[in-house]
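First comes the structure, then the notes that go with it.
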Amino acid sequence: MEASHPLDVYSQIVSGVAGRLTPKVASLRVPQRGSRGGTGESLGSGVVFTGDGFLLTNAHVVGQANDGTAAFSDGTSIPFRVVGADPLSDLAVLRANGETPAPAELGEADQLVVGQLVVAVGNPLGLAGSVTAGVVSALGRSLPARGRVIEDVIQTDAALNPGNSGGALADSQARVVGINTAVAGVGLGLAVPVNATTRKIISALMADGRVRRAYLGLAMMPGPVPAAWRERLGRQTGLLVAQVVSGGPADRAGLRAGDLLLTVAGQPVAVSQDLQRQMFSEAIGRPLAITVMRNGALVDVIAEPAELVAA
């Protein structure tokens, strides 16, 4: 028997994911009002993720709008309202006013590896049900795109175009591991990961329509643990404090520029996302134990994060 060409297996995976996800990804039309009073429309994609009509998309797709229309691959068109949007994560939750397809399964982006196959499903340039495939090019990126900084994103070479924003990035099992959010350049697509942090954001948007975040008032970057301490601490890096906002919670707690954060609430921190995962509503106004290295010694401080106020 003649052996199957490897491309056949690849094609089967991609077409299988496309078949399962395409009905669950809507083409969104969102009315927008311009700064000079003019009106227009933004296009994007949205993913059904619950059985009672909630969709996930990008905050920049909905902008300041309160409603819009979702069109599905079977030809149905349903109005929706914007439940809540979070520009810092570029996520928004919508609620359809009508029956929607069965929900897509949300996966776990923290289990992705570089080089893994991913499939993007969306509606680029208004072309409904478009599918592209590629690999995970990098993880944990922090890249500027369309005038904002997108944190902790998945980078993929799966082709993305305007209108893909808000669509699904899926693994080979058709589990949604990311929400496509931007095109940063030729061959460079970005997606917000679906993980424990974004699940908190989604839950907050569904419940309250907004995300409350805690604030310490620190500017940080990864920094090396002194060689003499690496074996004892069992780690190579921490978070180096580059700046402390005057009068902020960190300043009041006694943190200083040059401190190396090692643990926050008993959890190791090595990249900014390690800290941001803890900066949600439950941390606001509550004592937060922080261990830092300062001048070759370990120092413990207690900070009380304030609520981050949107500019």
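Starting from 1 in every chain, residues are counted up; chains themselves are A, B, ... following the order of the structure tokens, and ligands are numbered from 1 as listed.
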Just asking: which residues within stretch 138-310 of chain A are strand (DSSP E) according to DSSP, as a PyMOL selection string?
chain A and resi 138-145+148-156+168-170+176-185+188-193+214-215+218-224+237-244+260-264+267-268+288-294+297-303+306-307
Neighbouring residues of A:Ala303 were defined as those with any atom within 12 Å, considering only C-alpha atoms; residues of the same chain fewer than 5 positions away were excluded. Please report them as a list in words.
Ala214, Tyr215, Leu216, Gly217, Leu218, Gly248, Pro249, Ala250, Asp251, Arg252, Ala253, Gly254, Leu255, Val264, Ala265, Ala283, Ile284, Gly285, Arg286, Pro287, Leu288, Ala289, Ile290 and Thr291 of chain A
Would you put the residues from that selection into a file with C-alpha atoms, as a PDB file, in the first residue's frame?
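And here's again_10.pdb as it stands now:
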```pdb
ATOM      1  CA  ALA A 214      -4.831  46.345  41.820  1.00  0.00           C
ATOM      2  CA  TYR A 215      -1.958  48.811  41.549  1.00  0.00           C
ATOM      3  CA  LEU A 216       1.416  48.934  43.295  1.00  0.00           C
ATOM      4  CA  GLY A 217       3.135  51.753  41.422  1.00  0.00           C
ATOM      5  CA  LEU A 218       6.240  49.992  40.157  1.00  0.00           C
ATOM      6  CA  GLY A 248       2.022  55.001  45.561  1.00  0.00           C
ATOM      7  CA  PRO A 249       1.424  51.768  47.499  1.00  0.00           C
ATOM      8  CA  ALA A 250       4.943  50.445  46.823  1.00  0.00           C
ATOM      9  CA  ASP A 251       6.501  53.738  47.912  1.00  0.00           C
ATOM     10  CA  ARG A 252       4.475  53.738  51.154  1.00  0.00           C
ATOM     11  CA  ALA A 253       5.582  50.146  51.796  1.00  0.00           C
ATOM     12  CA  GLY A 254       9.248  51.163  51.549  1.00  0.00           C
ATOM     13  CA  LEU A 255      10.158  49.578  48.228  1.00  0.00           C
ATOM     14  CA  VAL A 264       4.822  38.263  46.084  1.00  0.00           C
ATOM     15  CA  ALA A 265       2.259  36.640  48.385  1.00  0.00           C
ATOM     16  CA  ALA A 283      -5.745  42.160  46.074  1.00  0.00           C
ATOM     17  CA  ILE A 284      -7.114  45.727  46.373  1.00  0.00           C
ATOM     18  CA  GLY A 285      -6.626  47.118  49.885  1.00  0.00           C
ATOM     19  CA  ARG A 286      -5.351  43.845  51.320  1.00  0.00           C
ATOM     20  CA  PRO A 287      -1.892  43.318  52.871  1.00  0.00           C
ATOM     21  CA  LEU A 288       0.471  41.795  50.338  1.00  0.00           C
ATOM     22  CA  ALA A 289       3.726  40.213  51.539  1.00  0.00           C
ATOM     23  CA  ILE A 290       6.676  40.987  49.265  1.00  0.00           C
ATOM     24  CA  THR A 291      10.225  39.660  49.620  1.00  0.00           C
TER      25      THR A 291
END
```
Picked from stretch 178-224 of chain A by DSSP as alpha helix (DSSP H), as a short mmCIF file (atom, residue, chain, number, x, y, z; two decimals) with all heavy atoms, in the first residue's frame:
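Writing the result to part_25.cif gives the following:
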```
data_model
loop_
_atom_site.label_atom_id
_atom_site.label_comp_id
_atom_site.auth_asym_id
_atom_site.auth_seq_id
_atom_site.Cartn_x
_atom_site.Cartn_y
_atom_site.Cartn_z
N ALA A 196 -5.44 31.12 32.84
CA ALA A 196 -6.09 31.44 34.11
C ALA A 196 -6.32 32.94 34.28
O ALA A 196 -7.35 33.37 34.79
CB ALA A 196 -5.24 30.90 35.28
N THR A 197 -5.36 33.74 33.81
CA THR A 197 -5.50 35.19 33.94
C THR A 197 -6.65 35.71 33.09
O THR A 197 -7.48 36.49 33.57
CB THR A 197 -4.19 35.89 33.55
OG1 THR A 197 -3.14 35.43 34.40
CG2 THR A 197 -4.32 37.40 33.68
N THR A 198 -6.70 35.30 31.83
CA THR A 198 -7.77 35.81 30.97
C THR A 198 -9.12 35.24 31.37
O THR A 198 -10.15 35.90 31.18
CB THR A 198 -7.48 35.51 29.48
OG1 THR A 198 -7.11 34.14 29.32
CG2 THR A 198 -6.37 36.39 28.96
N ARG A 199 -9.14 34.06 31.95
CA ARG A 199 -10.42 33.53 32.47
C ARG A 199 -10.95 34.42 33.59
O ARG A 199 -12.16 34.63 33.71
CB ARG A 199 -10.26 32.09 32.94
CG ARG A 199 -10.25 31.07 31.80
CD ARG A 199 -10.18 29.65 32.34
NE ARG A 199 -10.41 28.68 31.30
CZ ARG A 199 -9.46 28.18 30.50
NH1 ARG A 199 -8.20 28.58 30.66
NH2 ARG A 199 -9.75 27.30 29.57
N LYS A 200 -10.05 34.95 34.43
CA LYS A 200 -10.48 35.90 35.46
C LYS A 200 -11.06 37.15 34.82
O LYS A 200 -12.08 37.69 35.28
CB LYS A 200 -9.29 36.29 36.35
CG LYS A 200 -8.93 35.30 37.42
CD LYS A 200 -7.87 35.92 38.34
CE LYS A 200 -7.52 34.99 39.48
NZ LYS A 200 -6.52 35.60 40.39
N ILE A 201 -10.41 37.64 33.79
CA ILE A 201 -10.88 38.83 33.10
C ILE A 201 -12.25 38.59 32.48
O ILE A 201 -13.17 39.40 32.61
CB ILE A 201 -9.86 39.25 32.02
CG1 ILE A 201 -8.57 39.74 32.68
CG2 ILE A 201 -10.43 40.33 31.10
CD1 ILE A 201 -7.41 39.93 31.73
N ILE A 202 -12.40 37.45 31.82
CA ILE A 202 -13.68 37.11 31.18
C ILE A 202 -14.79 37.01 32.22
O ILE A 202 -15.89 37.53 32.03
CB ILE A 202 -13.54 35.80 30.39
CG1 ILE A 202 -12.59 36.00 29.19
CG2 ILE A 202 -14.91 35.32 29.88
CD1 ILE A 202 -12.13 34.70 28.56
N SER A 203 -14.51 36.35 33.34
CA SER A 203 -15.51 36.20 34.39
C SER A 203 -15.92 37.56 34.96
O SER A 203 -17.10 37.80 35.22
CB SER A 203 -14.98 35.31 35.52
OG SER A 203 -14.77 33.99 35.06
N ALA A 204 -14.93 38.45 35.14
CA ALA A 204 -15.24 39.78 35.66
C ALA A 204 -16.09 40.57 34.68
O ALA A 204 -17.03 41.27 35.08
CB ALA A 204 -13.94 40.54 35.97
N LEU A 205 -15.79 40.48 33.40
CA LEU A 205 -16.59 41.18 32.39
C LEU A 205 -18.01 40.65 32.36
O LEU A 205 -18.98 41.42 32.23
CB LEU A 205 -15.93 41.05 31.02
CG LEU A 205 -14.62 41.80 30.83
CD1 LEU A 205 -14.00 41.47 29.48
CD2 LEU A 205 -14.83 43.31 30.96
N MET A 206 -18.17 39.34 32.46
CA MET A 206 -19.51 38.76 32.45
C MET A 206 -20.32 39.18 33.67
O MET A 206 -21.53 39.45 33.58
CB MET A 206 -19.42 37.23 32.38
CG MET A 206 -18.86 36.70 31.07
SD MET A 206 -18.59 34.92 31.11
CE MET A 206 -20.28 34.31 31.11
N ALA A 207 -19.65 39.26 34.82
CA ALA A 207 -20.36 39.55 36.07
C ALA A 207 -20.58 41.04 36.29
O ALA A 207 -21.67 41.46 36.73
CB ALA A 207 -19.58 38.97 37.25
N ASP A 208 -19.56 41.86 35.98
CA ASP A 208 -19.61 43.27 36.35
C ASP A 208 -19.49 44.24 35.17
O ASP A 208 -19.64 45.45 35.35
CB ASP A 208 -18.48 43.60 37.35
CG ASP A 208 -18.54 42.71 38.59
OD1 ASP A 208 -19.65 42.48 39.08
OD2 ASP A 208 -17.47 42.25 39.03
#
```
List the spatial neighbours of A:Ala26 as a compact mmCIF listing (two decimals) with all heavy atoms, in the first residue's frame - criterion: any atom at most 8 Å away, only C-alpha atoms, same-chain residues fewer than 6 positions off excluded.
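So the final result, stored in result.txt, reads:
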```txt
# COMPACT_ATOMS: atom_id res chain seq x y z
N SER A 45 -14.39 39.76 14.42
CA SER A 45 -14.87 38.40 14.62
C SER A 45 -15.17 38.21 16.10
O SER A 45 -14.68 38.95 16.96
CB SER A 45 -13.81 37.38 14.18
OG SER A 45 -13.44 37.60 12.83
N GLY A 46 -15.99 37.22 16.41
CA GLY A 46 -16.31 36.88 17.79
C GLY A 46 -16.52 35.38 17.92
O GLY A 46 -17.00 34.74 16.98
N VAL A 47 -16.16 34.83 19.07
CA VAL A 47 -16.22 33.39 19.29
C VAL A 47 -17.28 33.07 20.34
O VAL A 47 -17.22 33.60 21.46
CB VAL A 47 -14.85 32.85 19.76
CG1 VAL A 47 -14.90 31.33 19.91
CG2 VAL A 47 -13.75 33.26 18.80
N VAL A 48 -18.24 32.22 20.01
CA VAL A 48 -19.22 31.77 20.98
C VAL A 48 -18.52 30.87 21.99
O VAL A 48 -17.87 29.88 21.61
CB VAL A 48 -20.37 30.99 20.30
CG1 VAL A 48 -21.38 30.50 21.34
CG2 VAL A 48 -21.06 31.84 19.25
N ALA A 70 -24.06 40.10 14.86
CA ALA A 70 -23.19 38.94 14.63
C ALA A 70 -23.81 38.06 13.57
O ALA A 70 -24.97 37.66 13.68
CB ALA A 70 -23.03 38.16 15.94
N ALA A 71 -23.03 37.77 12.52
CA ALA A 71 -23.51 36.91 11.44
C ALA A 71 -22.71 35.61 11.45
O ALA A 71 -21.48 35.62 11.56
CB ALA A 71 -23.36 37.60 10.09
N PHE A 72 -23.42 34.48 11.35
CA PHE A 72 -22.78 33.16 11.41
C PHE A 72 -22.74 32.51 10.03
O PHE A 72 -23.41 32.95 9.09
CB PHE A 72 -23.51 32.27 12.41
CG PHE A 72 -23.37 32.75 13.83
CD1 PHE A 72 -24.30 33.62 14.39
CD2 PHE A 72 -22.29 32.34 14.60
CE1 PHE A 72 -24.16 34.07 15.69
CE2 PHE A 72 -22.14 32.79 15.91
CZ PHE A 72 -23.07 33.65 16.45
N SER A 73 -21.94 31.45 9.93
CA SER A 73 -21.70 30.82 8.62
C SER A 73 -22.94 30.14 8.05
O SER A 73 -23.00 29.87 6.86
CB SER A 73 -20.57 29.79 8.74
OG SER A 73 -20.88 28.78 9.68
N GLY A 122 -11.53 33.17 11.39
CA GLY A 122 -12.10 34.50 11.55
C GLY A 122 -12.71 34.99 10.26
O GLY A 122 -13.04 34.20 9.35
N ASN A 123 -12.84 36.31 10.18
CA ASN A 123 -13.52 36.93 9.03
C ASN A 123 -12.71 38.10 8.51
O ASN A 123 -13.15 39.25 8.56
CB ASN A 123 -14.92 37.38 9.45
CG ASN A 123 -15.73 36.24 10.05
OD1 ASN A 123 -16.25 35.40 9.36
ND2 ASN A 123 -15.80 36.22 11.39
N ALA A 128 -16.26 35.94 5.37
CA ALA A 128 -16.69 35.08 6.47
C ALA A 128 -16.06 33.70 6.38
O ALA A 128 -15.85 33.15 5.29
CB ALA A 128 -18.21 34.96 6.50
```
Give me the stretch 44-105 of chain A side of the contact with stretch 163-172 of chain A, cut-off 10 Å, one line per residue showing its nearest atom pair and distance in Å at one decimal, counting only C-alpha atoms, sorted by chain and residue number, as CSV.
```
residue,atom,partner,partner_atom,distance
A:Gly44,CA,A:Gly163,CA,4.1
A:Ser45,CA,A:Gly166,CA,4.6
A:Gly46,CA,A:Gly166,CA,5.1
A:Val47,CA,A:Gly167,CA,6.1
A:Val48,CA,A:Ala168,CA,9.7
A:Leu55,CA,A:Gly166,CA,9.5
A:Leu56,CA,A:Gly166,CA,6.9
A:Thr57,CA,A:Gly166,CA,3.9
A:Asn58,CA,A:Gly166,CA,4.8
A:Ala59,CA,A:Gly166,CA,8.5
A:His60,CA,A:Ser165,CA,8.5
A:Val61,CA,A:Ser165,CA,7.0
A:Val62,CA,A:Gly166,CA,9.8
A:Asp90,CA,A:Gly166,CA,9.2
A:Leu91,CA,A:Gly166,CA,8.1
A:Ala92,CA,A:Gly166,CA,8.7
A:Ala104,CA,A:Ala168,CA,9.2
A:Glu105,CA,A:Ala170,CA,9.4
```
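The closest residue to A:Val30, picked from A:Val244, A:Leu43, A:Ala219, A:Val269 and counting only C-alpha atoms, is A:Leu43.
Closest approach to A:Gly234 among A:Leu160, A:Leu262, A:Ala133, A:Ala257: A:Leu262, based on only C-alpha atoms.
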What's around A:Val119 at 12 Å? Count only C-alpha atoms, leave out sequence neighbours fewer than 6 positions away in its own chain, and write the answer as an NGL selection string.
:A and (10-11 or 13-22 or 130-136 or 156-160 or 167-180 or 189 or 191)
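You can rank A:Gly209, A:Gly247, A:Pro193, A:Gly63 by their closest distance to A:Ser89 using only C-alpha atoms, and at the top of that list sits A:Pro193.
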With a distance cut-off of 7 Å and only C-alpha atoms, select the neighbouring residues of stretch 75-88 of chain A, excluding the residue or stretch itself and same-chain residues fewer than 5 positions from it, and output the selection as a PyMOL selection string.
chain A and resi 59+66-70+93-98+205-206+209-211
Let me see the file: selected residues, C-alpha atoms, as a short mmCIF file (atom, residue, chain, number, x, y, z; two decimals), in the first residue's frame.
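Saved file selection-v7.cif follows:
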```
data_model
loop_
_atom_site.label_atom_id
_atom_site.label_comp_id
_atom_site.auth_asym_id
_atom_site.auth_seq_id
_atom_site.Cartn_x
_atom_site.Cartn_y
_atom_site.Cartn_z
CA ALA A 59 -12.03 45.45 23.04
CA ASN A 66 -22.95 49.30 23.01
CA ASP A 67 -24.28 46.87 20.42
CA GLY A 68 -23.89 45.40 16.94
CA THR A 69 -24.71 42.43 14.75
CA ALA A 70 -23.19 38.94 14.63
CA VAL A 93 -17.61 40.01 26.11
CA LEU A 94 -20.84 40.21 24.08
CA ARG A 95 -24.29 38.73 24.65
CA ALA A 96 -26.29 37.64 21.60
CA ASN A 97 -30.01 38.35 21.55
CA GLY A 98 -31.00 35.06 19.99
CA LEU A 205 -16.59 41.18 32.39
CA MET A 206 -19.51 38.76 32.45
CA GLY A 209 -18.97 44.59 32.86
CA ARG A 210 -15.48 45.74 33.85
CA VAL A 211 -12.24 44.48 35.37
#
```
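Those residues that approach A:Ala227 to within 12 Å, counting only C-alpha atoms, are Arg232, Leu233, Gly234, Arg235, Gln236, Thr237 and Gly296 of chain A; same-chain residues fewer than 5 positions away are not listed.
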Which is closest to A:Val118 among A:Pro101, A:Glu307, A:Ile154, A:Gly140, if we use only C-alpha atoms?
A:Ile154
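Our summary of the geometry notes that atom CA of A:Asp110 is positioned 20.9 Å from atom CA of A:Gly266.
Counting only C-alpha atoms and comparing A:Val114, A:Leu190, A:Val225, A:Val153, the residue that lies closest to A:Met293 is A:Val225.
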